[in-house]
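K.L.:
Have a peek at entry25.cif (mmCIF, C-alpha atoms).
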data_query
#
loop_
_atom_site.label_atom_id
_atom_site.label_comp_id
_atom_site.auth_asym_id
_atom_site.auth_seq_id
_atom_site.Cartn_x
_atom_site.Cartn_y
_atom_site.Cartn_z
CA MET S 1 -28.19 -24.95 4.49
CA PRO S 2 -29.66 -24.09 7.85
CA GLY S 3 -31.07 -20.57 8.30
CA TRP S 4 -28.69 -19.71 11.16
CA PHE S 5 -25.67 -20.40 8.95
CA ILE S 6 -26.86 -17.95 6.30
CA TRP S 7 -27.39 -15.29 8.96
CA PHE S 8 -23.89 -16.01 10.29
CA ILE S 9 -22.43 -15.47 6.81
CA VAL S 10 -24.40 -12.22 6.38
CA PHE S 11 -23.30 -11.01 9.82
CA TRP S 12 -19.67 -11.89 9.08
CA CYS S 13 -19.81 -10.01 5.74
CA VAL S 14 -21.17 -6.90 7.49
CA VAL S 15 -18.41 -7.09 10.13
CA LEU S 16 -15.69 -7.46 7.48
CA ILE S 17 -17.03 -4.58 5.39
CA GLY S 18 -17.17 -2.42 8.53
CA LEU S 19 -13.61 -3.29 9.52
CA PHE S 20 -12.33 -2.63 6.00
CA ALA S 21 -14.09 0.75 5.98
CA ILE S 22 -12.55 1.75 9.32
CA GLY S 23 -9.08 0.60 8.23
CA GLY S 24 -9.43 2.35 4.88
CA PHE S 25 -10.41 5.59 6.62
CA PHE S 26 -7.24 5.61 8.73
CA MET S 27 -5.06 4.56 5.80
CA PHE S 28 -6.50 7.41 3.74
CA ARG S 29 -5.81 9.91 6.53
CA LYS S 30 -2.19 8.76 6.67
CA PHE S 31 -1.97 9.03 2.87
CA LEU S 32 -3.16 12.65 3.01
CA LYS S 33 -0.33 13.51 5.42
CA VAL S 34 2.23 12.08 3.01
CA PHE S 35 0.71 13.85 0.01
CA PRO S 36 2.71 17.00 -0.95
CA LYS S 37 1.16 20.41 -0.32
CA GLU S 38 1.48 23.56 -2.48
CA ASP S 39 5.09 24.08 -1.35
CA GLY S 40 6.08 20.59 -2.51
CA LYS S 41 6.53 19.13 0.99
CA SER S 42 4.07 17.03 2.92
CA THR S 43 3.04 17.51 6.54
CA LEU S 44 5.31 14.63 7.55
CA ASP S 45 8.21 16.16 5.58
CA TRP S 46 7.81 19.43 7.49
CA GLU S 47 7.65 17.60 10.85
CA GLU S 48 10.84 15.74 10.00
CA TYR S 49 12.49 18.95 8.79
CA TYR S 50 11.79 20.81 12.03
CA VAL S 51 12.84 17.87 14.19
CA ASP S 52 16.14 17.54 12.29
CA ARG S 53 16.83 21.28 12.33
CA SER S 54 16.09 21.61 16.06
CA LEU S 55 17.76 18.40 17.24
CA HIS S 56 20.79 20.26 18.62
CA LEU S 57 18.49 22.49 20.73
CA TRP S 58 17.10 19.58 22.76
CA ASN S 59 18.69 18.89 26.14
CA LYS S 60 18.08 15.96 28.48
CA GLU S 61 15.44 17.77 30.56
CA ALA S 62 13.48 18.77 27.45
CA LYS S 63 13.49 15.20 26.13
CA THR S 64 12.39 13.89 29.52
CA LEU S 65 9.52 16.40 29.66
CA LEU S 66 8.40 15.47 26.14
CA ASN S 67 8.41 11.78 27.09
CA GLU S 68 6.34 12.58 30.17
CA LEU S 69 3.83 14.58 28.13
CA VAL S 70 3.21 11.75 25.66
CA GLN S 71 2.73 9.13 28.40
CA PRO S 72 -1.12 9.26 28.18
CA VAL S 73 -0.97 8.39 24.47
CA PRO S 74 -1.41 4.66 23.81
CA GLU S 75 1.96 2.99 23.25
CA LEU S 76 1.12 2.04 19.68
CA PHE S 77 0.60 5.70 18.68
CA ARG S 78 3.18 7.27 21.00
CA PRO S 79 6.05 7.56 18.45
CA VAL S 80 3.77 9.30 15.95
CA ALA S 81 2.47 11.71 18.60
CA LYS S 82 6.00 12.36 19.84
CA GLN S 83 7.20 13.14 16.29
CA LYS S 84 4.31 15.52 15.66
CA ILE S 85 4.72 17.35 18.98
CA ALA S 86 8.52 17.52 18.65
CA GLY S 87 8.16 18.93 15.14
CA ARG S 88 5.85 21.69 16.35
CA ILE S 89 8.12 22.46 19.33
CA GLY S 90 11.10 22.63 16.97
CA GLN S 91 9.22 24.95 14.64
CA ILE S 92 8.36 27.31 17.50
CA ALA S 93 11.93 27.29 18.82
CA LEU S 94 13.46 27.87 15.37
CA ASP S 95 11.01 30.67 14.54
CA GLU S 96 12.05 32.43 17.75
CA HIS S 97 15.77 31.78 17.10
CA ALA S 98 16.08 30.06 20.48
CA LYS S 99 19.44 28.84 21.72
CA LYS S 100 17.84 25.82 23.37
CA ILE S 101 14.39 24.40 23.84
CA GLU S 102 12.83 25.77 27.01
CA PHE S 103 9.86 24.68 29.10
CA ASP S 104 7.72 27.39 27.47
CA HIS S 105 8.48 26.09 23.96
CA ILE S 106 7.53 22.57 24.98
CA ILE S 107 4.21 23.55 26.55
CA ARG S 108 3.23 25.80 23.63
CA GLY S 109 4.23 23.16 21.07
CA TYR S 110 2.36 20.50 23.02
CA ILE S 111 -0.83 22.57 23.06
CA VAL S 112 -0.63 23.60 19.39
CA ALA S 113 0.21 20.09 18.14
CA THR S 114 -2.58 18.42 20.09
CA PRO S 115 -5.91 18.09 18.25
CA LYS S 116 -8.76 20.19 19.67
CA ARG S 117 -10.75 17.08 20.62
CA ASP S 118 -7.96 16.05 23.02
CA HIS S 119 -7.57 19.40 24.80
CA LYS S 120 -9.61 18.16 27.78
CA PHE S 121 -7.06 15.39 28.39
CA LEU S 122 -4.22 17.82 27.71
CA ARG S 123 -5.50 20.20 30.41
CA LYS S 124 -5.79 17.30 32.84
CA LYS S 125 -2.20 16.20 32.15
CA LEU S 126 -0.86 19.74 32.57
CA ALA S 127 -2.85 20.12 35.81
CA THR S 128 -1.27 16.94 37.22
CA MET S 129 2.13 18.45 36.39
CA ASP S 130 1.20 21.69 38.24
CA VAL S 131 1.61 23.83 35.13
CA ASP S 132 -0.02 27.27 35.29
CA MET S 133 -2.09 27.41 32.11
CA THR S 134 -2.96 31.11 32.34
CA PRO S 135 -0.24 32.27 29.89
CA TYR S 136 -1.30 29.55 27.41
CA GLU S 137 -5.10 30.04 27.43
CA HIS S 138 -5.04 31.80 24.06
CA LEU S 139 -3.62 28.62 22.46
CA PHE S 140 -6.59 26.45 23.45
#
Before we go any further, please render this structure as structure tokens.

P.N.:
Amino acid sequence: MPGWFIWFIVFWCVVLIGLFAIGGFFMFRKFLKVFPKEDGKSTLDWEEYYVDRSLHLWNKEAKTLLNELVQPVPELFRPVAKQKIAGRIGQIALDEHAKKIEFDHIIRGYIVATPKRDHKFLRKKLATMDVDMTPYEHLF
């Protein structure tokens, strides 16, 4: 066998092992979210619970605002991000015994549900929407 072919095989093996490792990492992260916590429910179960319990509180404007907020998220991950943010918004609204989901609930839930590493993009999105972030600074 020629020497270049052996190096091609070695290179291809390294690429495959790397891709499997990256895929396994993300699969494991998803598995941890499905794994039950001390209370017997997983993170995804709680998200679904709060979305279901707060579904009647959502009006058309609130749904439109949520859709606008998740626009920067890549389309492949948008439903997952939307579920997570909606679950946190529902939790905030239910904890406050709100009659409907208001703009304030959506912004607070959006900030709390967004990972810290994405807060720079979150601030940029809220700035383009002309949202005064002063009352929400403590959430960042």

K.L.:
Excluding S:Gly87 and its own-chain neighbours fewer than 6 positions away, which residues fall within 10 Å of it when counting all atoms listed in the file? Please give them as a PyMOL selection string.

P.N.:
chain S and resi 44-55+81+93+109-110+113

K.L.:
Could you work out how far atom CA of S:Asp132 lies from atom CA of S:Val112, giving the answer in Å with one decimal?

P.N.:
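Computing the Euclidean distance for atom CA of S:Val112 and atom CA of S:Asp132 yields 16.3 Å.
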
K.L.:
As an exercise, work out the distance from atom CA of S:Lys124 to atom CA of S:Asn67 in Å and give it to one decimal place.

P.N.:
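Pair atom CA of S:Lys124 / atom CA of S:Asn67 returns 16.3 Å.
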
K.L.:
Quick one: of S:Val73, S:Ile107, S:Ala21, S:Ala62, who's nearest to S:Phe121, counting all atoms listed in the file?

P.N.:
S:Val73

K.L.:
Please write as number ranges by chain the list of polymer residues whose atoms come within 8 Å of (7.3, 24.1, 21.7), counting all atoms listed in the file and keeping to the coordinates of the file.

P.N.:
S: 85-86, 88-93, 101-110

K.L.:
Give me, please, the distance in Å between atom CA of S:Asn59 and atom CA of S:Ser42, quoted to one decimal.

P.N.:
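A separation of 27.5 Å between them.
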
K.L.:
Check the smallest atom-to-atom distance from each of S:Leu32, S:Ile6, S:Leu76, S:Leu69 to S:Leu122 using only C-alpha atoms, then report the winner.

P.N.:
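Among the listed residues, S:Leu69 lies closest to S:Leu122.
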
K.L.:
May I ask which of the residues S:Lys100, S:Glu38, S:Ile17, S:Ile111 is the closest one to S:Lys63, counting all atoms listed in the file?

P.N.:
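Under the stated criterion, the closest residue is S:Lys100.
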
K.L.:
For each of S:Lys120, S:Val14, S:Ala98, S:Glu137, take the minimum atom-to-atom distance to S:Trp58, counting all atoms listed in the file, then give the residue where this is smallest.

P.N.:
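That would be S:Ala98, the residue with the smallest distance to S:Trp58.
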
K.L.:
Complete stretch 29-54 of chain S at the level of N, CA, C and O atoms, written as a compact mmCIF listing (two decimals), in the coordinates of the input.

P.N.:
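Output file selection.txt follows:
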# COMPACT_ATOMS: atom_id res chain seq x y z
N ARG S 29 -6.29 8.76 5.77
CA ARG S 29 -5.81 9.91 6.53
C ARG S 29 -4.29 9.96 6.53
O ARG S 29 -3.70 11.03 6.40
N LYS S 30 -3.66 8.82 6.69
CA LYS S 30 -2.19 8.76 6.67
C LYS S 30 -1.67 9.13 5.28
O LYS S 30 -0.68 9.85 5.16
N PHE S 31 -2.35 8.69 4.24
CA PHE S 31 -1.97 9.03 2.87
C PHE S 31 -2.03 10.54 2.65
O PHE S 31 -1.16 11.11 2.00
N LEU S 32 -3.04 11.20 3.19
CA LEU S 32 -3.16 12.65 3.01
C LEU S 32 -2.01 13.40 3.66
O LEU S 32 -1.60 14.45 3.17
N LYS S 33 -1.47 12.86 4.76
CA LYS S 33 -0.33 13.51 5.42
C LYS S 33 0.94 13.37 4.60
O LYS S 33 1.84 14.19 4.70
N VAL S 34 1.04 12.32 3.82
CA VAL S 34 2.23 12.08 3.01
C VAL S 34 2.14 12.82 1.68
O VAL S 34 3.15 13.09 1.04
N PHE S 35 0.94 13.17 1.28
CA PHE S 35 0.71 13.85 0.01
C PHE S 35 1.29 15.26 0.04
O PHE S 35 1.04 16.02 0.97
N PRO S 36 2.09 15.67 -0.96
CA PRO S 36 2.71 17.00 -0.95
C PRO S 36 1.69 18.14 -1.02
O PRO S 36 0.67 18.03 -1.68
N LYS S 37 2.00 19.21 -0.31
CA LYS S 37 1.16 20.41 -0.32
C LYS S 37 1.62 21.34 -1.44
O LYS S 37 2.43 20.97 -2.29
N GLU S 38 1.13 22.59 -1.42
CA GLU S 38 1.48 23.56 -2.48
C GLU S 38 2.98 23.83 -2.55
O GLU S 38 3.52 24.13 -3.60
N ASP S 39 3.65 23.77 -1.38
CA ASP S 39 5.09 24.08 -1.35
C ASP S 39 5.96 22.89 -1.75
O ASP S 39 7.18 22.99 -1.76
N GLY S 40 5.34 21.75 -2.06
CA GLY S 40 6.08 20.59 -2.51
C GLY S 40 6.47 19.63 -1.40
O GLY S 40 7.03 18.57 -1.67
N LYS S 41 6.21 20.00 -0.14
CA LYS S 41 6.53 19.13 0.99
C LYS S 41 5.24 18.72 1.69
O LYS S 41 4.30 19.49 1.78
N SER S 42 5.24 17.52 2.20
CA SER S 42 4.07 17.03 2.92
C SER S 42 4.14 17.45 4.39
O SER S 42 5.17 17.95 4.86
N THR S 43 3.07 17.21 5.11
CA THR S 43 3.04 17.51 6.54
C THR S 43 4.12 16.72 7.27
O THR S 43 4.81 17.26 8.13
N LEU S 44 4.28 15.46 6.91
CA LEU S 44 5.31 14.63 7.55
C LEU S 44 6.72 15.12 7.20
O LEU S 44 7.62 15.05 8.04
N ASP S 45 6.90 15.60 5.96
CA ASP S 45 8.21 16.16 5.58
C ASP S 45 8.56 17.37 6.44
O ASP S 45 9.70 17.52 6.88
N TRP S 46 7.57 18.24 6.67
CA TRP S 46 7.81 19.43 7.49
C TRP S 46 8.10 19.04 8.94
O TRP S 46 8.99 19.63 9.57
N GLU S 47 7.37 18.06 9.48
CA GLU S 47 7.65 17.60 10.85
C GLU S 47 9.09 17.11 10.95
O GLU S 47 9.82 17.47 11.87
N GLU S 48 9.48 16.28 10.00
CA GLU S 48 10.84 15.74 10.00
C GLU S 48 11.88 16.85 9.84
O GLU S 48 12.93 16.83 10.50
N TYR S 49 11.60 17.82 9.00
CA TYR S 49 12.49 18.95 8.79
C TYR S 49 12.73 19.70 10.09
O TYR S 49 13.88 19.98 10.46
N TYR S 50 11.65 20.04 10.79
CA TYR S 50 11.79 20.81 12.03
C TYR S 50 12.45 19.99 13.13
O TYR S 50 13.21 20.55 13.93
N VAL S 51 12.18 18.71 13.19
CA VAL S 51 12.84 17.87 14.19
C VAL S 51 14.34 17.81 13.91
O VAL S 51 15.17 17.97 14.82
N ASP S 52 14.72 17.60 12.65
CA ASP S 52 16.14 17.54 12.29
C ASP S 52 16.86 18.86 12.53
O ASP S 52 17.98 18.88 13.03
N ARG S 53 16.21 19.97 12.17
CA ARG S 53 16.83 21.28 12.33
C ARG S 53 16.96 21.70 13.80
O ARG S 53 17.85 22.47 14.15
N SER S 54 16.07 21.19 14.66
CA SER S 54 16.09 21.61 16.06
C SER S 54 16.71 20.56 16.98
O SER S 54 16.71 20.74 18.20
